[in-house]
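Notes follow once the structure below has been shown.
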Amino acid sequence: MRALSLVGTSIALSGLVAALFVGCENKHEAGGDKPGGPSGALGASASVQELMKARGLTEADVEAALKTYTPTGKMDEYYIFASGGQSGNVDVIGVPSMRMLKVIGVFTPESWQGWGFGGDSDKVLEGGNQGTHKIRWADMHHPNLSETKGDYDGQYLFVNDKANARVAVVDLSDFTTKQIVPNPLAASDHGGAFVTPDTDYVIETSQYPAPLGRDYAPLSQYKEKYRGVAIFWRFDRQKGRIDPAKSWAMELPPYTQDLADAGKLGSDGWAYINSFNTEMAIGGTLEGKPPVESGSSQNDMDYLHVINWKKAEALINAGKSKTIAGMRVLMMDVSGPEGALTLVGEPKSPHGCDVTPDGKFVVVGGKLDTHTTLYDTAKMKQLIDEKKFEGKDDFGVPILAFKDAKHGQVEIGLGPLHTVFDDKGGAYTSVFIESVVAKWSYTDLKKPVEKLKVQYNIGHILAAEGDTVSPDGKYVVAMNKMSMDRFLPVGPLYPQNFQLVDIAGEKMRLLADMPLPNAEPHYSQMIKADKIKPIKVYKPGTNPFLGTVDPARAEGGKEKIVRNGNKVEVYMTAIRSHFTPDQIEVNEGDEVTIHLTSMESAEDQTHGFTIDMYNINVSLEPGKHENITFKADMPGSFPMYCTEFCSALHLEMMGYFLVKPKGK
Ligand code: CUK
Ligand code: CUA
């Protein structure tokens with residue numbers, strides 16, 4: 001049995017294991033170069049071997065455990081910010097422990113944080129309404145950290161909602177969503193929320209074409225009326241908000257734009273978007289026409305969109321735009337001839353669009369192609385400058401010759417999708433159909449040097465700082481869509497599977513599986529833990545959504561109930577373990593606002609506040625202020641209480657909210 005040969009075959013490992021059991025002072029002698037050295041080590045090894053045998057663990061398992069085990073009190077090295085997929089929220093995970101640290105409420109109400117249950121967060125969610133619809137879920141795909149000079153700076157996180165075309169801004173100083181911006185032009189998005197190297201812009205590009213501004217047009221007018229779009233959301237770092245008034249868009253052909261990435265270093269000022277369905281297939285299965293699935297897989301080549309956004313910005317500033325749904329849009333009849341929008345062929349139904357850390361190449365995968373294709377960003381710029389095109393598409397957009405724009409291709413395997421990078425020119429591509437991570441080199445373009453099996457059907461892949469100008473080369477995470485046989489069965493909806501892979505050594509090593517039980521994450525990013533510096537408590541009376549002390553904050557000793565006709569304003573404080581006031585009586589139909597301030601200043605001393613039956617629940621972290629406005633439309637006697645076990649007398653932290661029925 002392999003496990004029993006631990007000491008003999010893996011001296012270094014037995015040294016590590018033994019050191020764990022006999023304490024640090026023996027670390028060096030424990031295994032060392034003489035297996036069976038000090039008695040402490042031998043005894044420990046024996047018990048480790050018994051443990052391994054009892055649990056059926058191999059040496060590789062033990063090594064993986066040692067590389068990921070994070071003892072109590074020790075912190076992780078990295079944060080992962082993962083898309084929460086259909087949950088609409090962000091999952092924060094520590095690496096290498098793969099422990100879940102936080103769920104950030106973004107597009108979907110999250111009750112622990114009181115996100116969307118009566119407090120000021122409701123206003124942020126309201127900001128994301130589309131048309132007449134109150135949208136309270138999302139299909140989140142791509143979280144992106146803010147960057148300074150192409151490196152993550154740990155300040156903000158941007159995420160997109162594919163289903164309802166929205167972008168949200170999360171402030172990492174308190175891990176709170178501050179803004180949701182609805183896309184006024186498109187109905188669905190996908191290529192977002194990618195940032196330019198200094199986070200001047202957050203890029204959001206559409207997925208399924210539709211008339212811009214979401215007007216009605218019959219599908220028979222698909223080619224004339226349906227369009228793709230790229231929005232360049234201007235980010236105001238001082239305010240920590242997107243400024244819609246300074247944002248603008250570019251009209252794109254009705255191909256299905258997919259992933260996008262911004263250029264960096266030498267290619268700063270450029271953005272790249274791949275697309276599929278250049279056939280412009282629209283289905284019609286009931287009439288016996290082919291579904292989009294096959295209709296869109298006819299052409300051998302689709303189009304990579306090459307955008308000179310600095311040029312586009314200049315054209316917008318020069319007034320060369322058309323205003324649609326309140327947004328300035330650079331139309332194709334301007335962007336094409338001006339060289340702001342150019343196309344270049346890309347092999348069959350591509351997916352993934354990743355700029356290499358040096359900014360020199362764009363790597364595109366192919367769902368129905370076995371290669372990754374690398375485009376030379378400098379060459380494309382030169383060709384566009386010299387107007388060396390091979391033709392135009394039906395919309396007048398110039399097309400570069402594939403052979404001129406291409407740097408090279410690498411045979412990867414079946415269904416290469418996304419690519420991330422290490423610090424040594426290594427590229428790691430997720431290969432969906434084959435269920436492997438393929439490691440190859442983007443500097444020498446040879447075929448993969450290694451393939452690691454993952455379980456199963458990997459979609460995105462992420463690496464430590466893996467899409468910045470300076471990746472760390474430490475970890476890769478395979479984000480697998482399927483997990484048959486990996487976890488205890490939980491019915492027909494299976495968890496997703498994150499697999500942590502060590503890429504620091506010569507060979508890739510699979511270290512750990514982490515089930516994701518709350519939805520299907522798409523993309524994630526991993527950032528060094530020391531770059532994230534969140535506050536521990538709020539400055540007293542801070543409204544996190546205003547970012548300042550709230551003018552309506554309540555202060556100790558000055559709590560009050562103010563009546564003005566049918567308006568009732570309550571200035572209330574919370575401190576261990578009571579609310580002041582703790583009795584509120586109003587009349588049925590009154591409009592009530594509770595200005596509620598936590599008077600706590602100690603770390604991790606959180607209260608909650610609910611009024612039973614009123615669908616109200618806020619979280620009051622130390623110093624936080626919330627304004628809760630609602631109509632007292634249900635008469636009765638309702639307990640209100642603290643929803644967080646905050647002290648020995650937490651259960652006593654309660655009061656009554658009384659609503660006197662009309663006419664009594
Ligand atoms: S997509 Cu999901 S696996 Cu939306 Cu980035 Cu490729
Ligand atoms: Cu405050 Cu429980």
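Residue numbers start at 1 in each chain; chains themselves are named A, B, ... in the order of the structure tokens; ligands are numbered from 1 in the order shown.
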**Asked** Counting only C-alpha atoms, what is within 12 Å of Asp394 in chain A, bar same-chain residues fewer than 3 positions away, as a PyMOL selection string?
**Response** chain A and resi 223-224+252-255+278-280+332-333+336+343+391+397-399
**Request:** Set the cut-off to 10 Å, count only C-alpha atoms and all ligand atoms, and list whatever residues fall near ligand 1 as a PyMOL selection string.
**Result:** chain A and resi 83+85+139-143+160-162+189-192+207+258-260+351-353+365+367+417-418+430+432+457-461+479-481+520-524
**Prompt:** Which chains and residue numbers are within 6 Å of ligand 2, counting only C-alpha atoms and all ligand atoms, if I want them as an MDAnalysis selection string?
**Reply:** chainID A and resid 576:577 607 642:646 650 653
Store the residues picked out above in a file with N, CA and C atoms, as an mmCIF file, in the first residue's frame.
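Below you can see part-v1.cif, which holds the result:
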data_model
loop_
_atom_site.group_PDB
_atom_site.id
_atom_site.type_symbol
_atom_site.label_atom_id
_atom_site.label_comp_id
_atom_site.auth_asym_id
_atom_site.auth_seq_id
_atom_site.Cartn_x
_atom_site.Cartn_y
_atom_site.Cartn_z
ATOM 1 N N ARG A 576 -25.950 47.522 23.393
ATOM 2 C CA ARG A 576 -26.208 46.352 24.229
ATOM 3 C C ARG A 576 -26.940 46.738 25.497
ATOM 4 N N SER A 577 -28.091 46.195 25.795
ATOM 5 C CA SER A 577 -28.928 45.347 24.975
ATOM 6 C C SER A 577 -30.336 45.929 24.948
ATOM 7 N N HIS A 607 -25.705 44.432 15.912
ATOM 8 C CA HIS A 607 -27.109 44.184 16.248
ATOM 9 C C HIS A 607 -27.895 44.034 14.952
ATOM 10 N N CYS A 642 -33.930 42.566 18.285
ATOM 11 C CA CYS A 642 -32.594 42.472 17.709
ATOM 12 C C CYS A 642 -32.399 41.054 17.188
ATOM 13 N N THR A 643 -31.985 40.936 15.924
ATOM 14 C CA THR A 643 -31.895 39.625 15.274
ATOM 15 C C THR A 643 -30.488 39.013 15.339
ATOM 16 N N GLU A 644 -29.625 39.590 16.137
ATOM 17 C CA GLU A 644 -28.235 39.114 16.188
ATOM 18 C C GLU A 644 -27.918 38.801 17.651
ATOM 19 N N PHE A 645 -27.426 37.598 17.929
ATOM 20 C CA PHE A 645 -27.179 37.240 19.344
ATOM 21 C C PHE A 645 -25.986 38.031 19.862
ATOM 22 N N CYS A 646 -26.280 39.234 20.371
ATOM 23 C CA CYS A 646 -25.232 40.227 20.600
ATOM 24 C C CYS A 646 -24.704 40.253 22.011
ATOM 25 N N HIS A 650 -29.353 39.403 24.952
ATOM 26 C CA HIS A 650 -29.817 39.670 23.587
ATOM 27 C C HIS A 650 -31.317 39.434 23.446
ATOM 28 N N MET A 653 -33.380 42.253 24.130
ATOM 29 C CA MET A 653 -33.227 43.452 23.295
ATOM 30 C C MET A 653 -34.428 43.525 22.343
#
**Prompt:** Taking only C-alpha atoms into account, which of A:His371, A:Lys474, A:Lys507, A:Lys178 comes nearest Leu445 in chain A?
**Reply:**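 Smallest distance to Leu445 in chain A is found for A:His371.
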**Message:** Report as a ChimeraX atom specification all protein, DNA and RNA residues lying within 12 Å of Glu600 in chain A, evaluated on only C-alpha atoms, omitting residues in the same chain fewer than 4 positions from it.
**Reply:** /A:536-542,555-556,573-578,604-607,620-625,646
**Request:** Please identify all polymer residues within 10 Å of Tyr156 in chain A, counting only C-alpha atoms, omitting same-chain residues fewer than 4 positions from it, and present them as a list in words.
**Result:**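 So, after excluding close chain neighbours, the residues are Asn144, Leu145, Ser146, Glu147, Tyr152, Val169, Val170, Asp171, Leu172, Ser173, Phe175, Thr176, Thr177, Thr199, Arg237, Gly240, Arg241 and Ile532 of chain A.
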**Request:** Write out as number ranges by chain each polymer residue whose atoms come within 8 Å of range 290-305 of chain A, counting only C-alpha atoms; drop sequence neighbours fewer than 5 positions from it.
**Result:** A: 272-285, 341-350
Deliver the residues from the most recent selection as a file, using C-alpha atoms, as a JSON list (two decimals), in the first residue's frame.
[["chain", "number", "residue", "atom", "x", "y", "z"],
["A", 272, "TYR", "CA", -11.31, 43.42, -27.48],
["A", 273, "ILE", "CA", -14.63, 41.59, -27.67],
["A", 274, "ASN", "CA", -15.18, 38.23, -29.27],
["A", 275, "SER", "CA", -18.44, 37.18, -30.82],
["A", 276, "PHE", "CA", -20.32, 34.21, -32.15],
["A", 277, "ASN", "CA", -23.37, 33.88, -34.34],
["A", 278, "THR", "CA", -22.04, 36.11, -37.08],
["A", 279, "GLU", "CA", -24.57, 34.07, -39.08],
["A", 280, "MET", "CA", -27.22, 36.16, -37.29],
["A", 281, "ALA", "CA", -29.31, 33.04, -36.75],
["A", 282, "ILE", "CA", -32.58, 33.66, -34.93],
["A", 283, "GLY", "CA", -34.00, 30.15, -34.52],
["A", 284, "GLY", "CA", -37.64, 29.39, -35.23],
["A", 285, "THR", "CA", -37.81, 25.81, -34.00],
["A", 341, "LEU", "CA", -14.12, 49.71, -34.50],
["A", 342, "THR", "CA", -12.49, 46.98, -36.56],
["A", 343, "LEU", "CA", -13.19, 43.28, -36.96],
["A", 344, "VAL", "CA", -10.90, 40.33, -37.48],
["A", 345, "GLY", "CA", -11.85, 36.71, -38.06],
["A", 346, "GLU", "CA", -11.69, 34.25, -35.20],
["A", 347, "PRO", "CA", -12.17, 30.52, -35.45],
["A", 348, "LYS", "CA", -15.55, 28.92, -34.95],
["A", 349, "SER", "CA", -17.76, 29.92, -32.04],
["A", 350, "PRO", "CA", -15.10, 31.41, -29.82]]
**Request:** Might you pull out every residue within 10 Å of Ala245 in chain A, with only C-alpha atoms counted and same-chain residues fewer than 3 positions away left off, and present them as a PyMOL selection string?
**Result:** chain A and resi 233-234+242+248+326-328
For the selection just defined, write its residues with all heavy atoms to a file, as a tab-separated table (two decimals), in the first residue's frame.
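And here is the file that came out, selection-v9.tsv:
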chain	number	residue	atom	x	y	z
A	233	TRP	N	-18.60	52.67	-19.06
A	233	TRP	CA	-19.09	53.36	-17.88
A	233	TRP	C	-17.93	54.11	-17.24
A	233	TRP	O	-16.92	53.51	-16.87
A	233	TRP	CB	-19.67	52.38	-16.86
A	233	TRP	CG	-20.93	51.69	-17.29
A	233	TRP	CD1	-21.07	50.38	-17.64
A	233	TRP	CD2	-22.24	52.27	-17.37
A	233	TRP	NE1	-22.39	50.11	-17.96
A	233	TRP	CE2	-23.13	51.25	-17.79
A	233	TRP	CE3	-22.76	53.55	-17.13
A	233	TRP	CZ2	-24.49	51.47	-17.98
A	233	TRP	CZ3	-24.12	53.76	-17.31
A	233	TRP	CH2	-24.97	52.73	-17.73
A	234	ARG	N	-18.08	55.40	-17.10
A	234	ARG	CA	-17.03	56.23	-16.52
A	234	ARG	C	-17.05	56.04	-15.00
A	234	ARG	O	-18.08	56.25	-14.36
A	234	ARG	CB	-17.30	57.69	-16.88
A	234	ARG	CG	-16.29	58.64	-16.34
A	234	ARG	CD	-15.08	58.72	-17.24
A	234	ARG	NE	-13.95	59.22	-16.48
A	234	ARG	CZ	-12.73	59.39	-16.99
A	234	ARG	NH1	-12.49	59.08	-18.23
A	234	ARG	NH2	-11.76	59.84	-16.24
A	242	ILE	N	-20.01	55.01	-10.46
A	242	ILE	CA	-20.07	55.20	-11.91
A	242	ILE	C	-20.83	56.50	-12.17
A	242	ILE	O	-21.83	56.78	-11.50
A	242	ILE	CB	-20.76	53.99	-12.58
A	242	ILE	CG1	-19.77	52.82	-12.65
A	242	ILE	CG2	-21.32	54.35	-13.95
A	242	ILE	CD1	-20.40	51.51	-13.06
A	248	TRP	N	-20.57	56.52	-22.08
A	248	TRP	CA	-20.98	56.53	-23.49
A	248	TRP	C	-20.94	55.10	-24.03
A	248	TRP	O	-20.51	54.18	-23.33
A	248	TRP	CB	-20.08	57.46	-24.30
A	248	TRP	CG	-18.62	57.28	-24.03
A	248	TRP	CD1	-17.89	57.89	-23.06
A	248	TRP	CD2	-17.72	56.41	-24.73
A	248	TRP	NE1	-16.60	57.46	-23.11
A	248	TRP	CE2	-16.45	56.55	-24.12
A	248	TRP	CE3	-17.85	55.53	-25.81
A	248	TRP	CZ2	-15.33	55.84	-24.55
A	248	TRP	CZ3	-16.73	54.83	-26.24
A	248	TRP	CH2	-15.48	54.99	-25.60
A	326	GLY	N	-31.06	58.32	-23.73
A	326	GLY	CA	-30.31	59.19	-22.83
A	326	GLY	C	-28.81	58.98	-22.84
A	326	GLY	O	-28.08	59.63	-22.09
A	327	MET	N	-28.33	58.07	-23.69
A	327	MET	CA	-26.89	57.81	-23.70
A	327	MET	C	-26.27	58.16	-25.05
A	327	MET	O	-26.88	57.95	-26.09
A	327	MET	CB	-26.65	56.33	-23.36
A	327	MET	CG	-25.18	55.99	-23.31
A	327	MET	SD	-24.85	54.49	-22.40
A	327	MET	CE	-24.47	55.07	-20.77
A	328	ARG	N	-25.06	58.72	-24.98
A	328	ARG	CA	-24.35	59.05	-26.21
A	328	ARG	C	-23.80	57.77	-26.84
A	328	ARG	O	-23.08	57.02	-26.17
A	328	ARG	CB	-23.20	60.01	-25.91
A	328	ARG	CG	-23.67	61.40	-25.45
A	328	ARG	CD	-22.51	62.23	-24.95
A	328	ARG	NE	-21.89	61.60	-23.78
A	328	ARG	CZ	-20.71	61.94	-23.29
A	328	ARG	NH1	-19.99	62.88	-23.88
A	328	ARG	NH2	-20.22	61.34	-22.22
**Request:** Report the residues of range 380-591 of chain A whose backbone DSSP state falls under strand (DSSP E or B), written as a ChimeraX atom specification.
**Result:** /A:391-392,398-400,406-411,416-421,426-431,436-441,450-453,458-464,475-480,496-502,509-516,524-528,542-543,548-549,560-564,567-575,578-580,583-587,591
**Asked** With distances taken over only C-alpha atoms, which of A:Phe395, A:Phe194, A:Tyr79, A:Trp270 is nearest to Arg227 in chain A?
**Response**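 Selected residue with least distance to Arg227 in chain A: A:Phe395.
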**Request:** List the neighbours of Pro581 in chain A out to 12 Å using only C-alpha atoms; skip same-chain residues closer than 2 positions along the sequence, and give me the result as a PyMOL selection string.
**Result:** chain A and resi 554-562+569-575+578-579+583-585+594-597+640+653-657
**Asked** Between A:Lys662, A:Lys264, A:Lys439, A:Lys322, which is the closest to Asp467 in chain A once you count only C-alpha atoms?
**Response**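 For Asp467 in chain A, the nearest of the candidates is A:Lys264.
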**Asked** Smallest atom-to-atom distance to Ala138 in chain A: which of A:Pro337, A:Gly84, A:Gly415, A:Gly119, using only C-alpha atoms?
**Response**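 Among the listed residues, A:Gly84 lies closest to Ala138 in chain A.
Atom pair CA of Asn308 in chain A / CA of Gly269 in chain A has a distance of 6.1 Å (rounded to one decimal).
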**Prompt:** Among range 167-256 of chain A, which ones does DSSP place in alpha helix (DSSP H), written as a VMD selection string?
**Reply:** chain A and resid 222 to 225
For the residues in the current selection, export N, CA, C and O atoms as a PDB file, in the first residue's frame.
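result.pdb was written with the following content:
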ATOM      1  N   TYR A 222     -34.275  41.648 -38.012  1.00  0.00           N
ATOM      2  CA  TYR A 222     -33.100  41.427 -37.155  1.00  0.00           C
ATOM      3  C   TYR A 222     -31.878  42.189 -37.662  1.00  0.00           C
ATOM      4  O   TYR A 222     -31.221  42.911 -36.938  1.00  0.00           O
ATOM      5  N   LYS A 223     -31.581  41.995 -38.923  1.00  0.00           N
ATOM      6  CA  LYS A 223     -30.361  42.588 -39.469  1.00  0.00           C
ATOM      7  C   LYS A 223     -30.408  44.123 -39.495  1.00  0.00           C
ATOM      8  O   LYS A 223     -29.407  44.785 -39.256  1.00  0.00           O
ATOM      9  N   GLU A 224     -31.600  44.674 -39.728  1.00  0.00           N
ATOM     10  CA  GLU A 224     -31.702  46.134 -39.814  1.00  0.00           C
ATOM     11  C   GLU A 224     -31.788  46.787 -38.444  1.00  0.00           C
ATOM     12  O   GLU A 224     -31.232  47.860 -38.219  1.00  0.00           O
ATOM     13  N   LYS A 225     -32.533  46.166 -37.546  1.00  0.00           N
ATOM     14  CA  LYS A 225     -32.864  46.851 -36.294  1.00  0.00           C
ATOM     15  C   LYS A 225     -32.125  46.336 -35.060  1.00  0.00           C
ATOM     16  O   LYS A 225     -31.979  47.064 -34.095  1.00  0.00           O
TER      17      LYS A 225
END
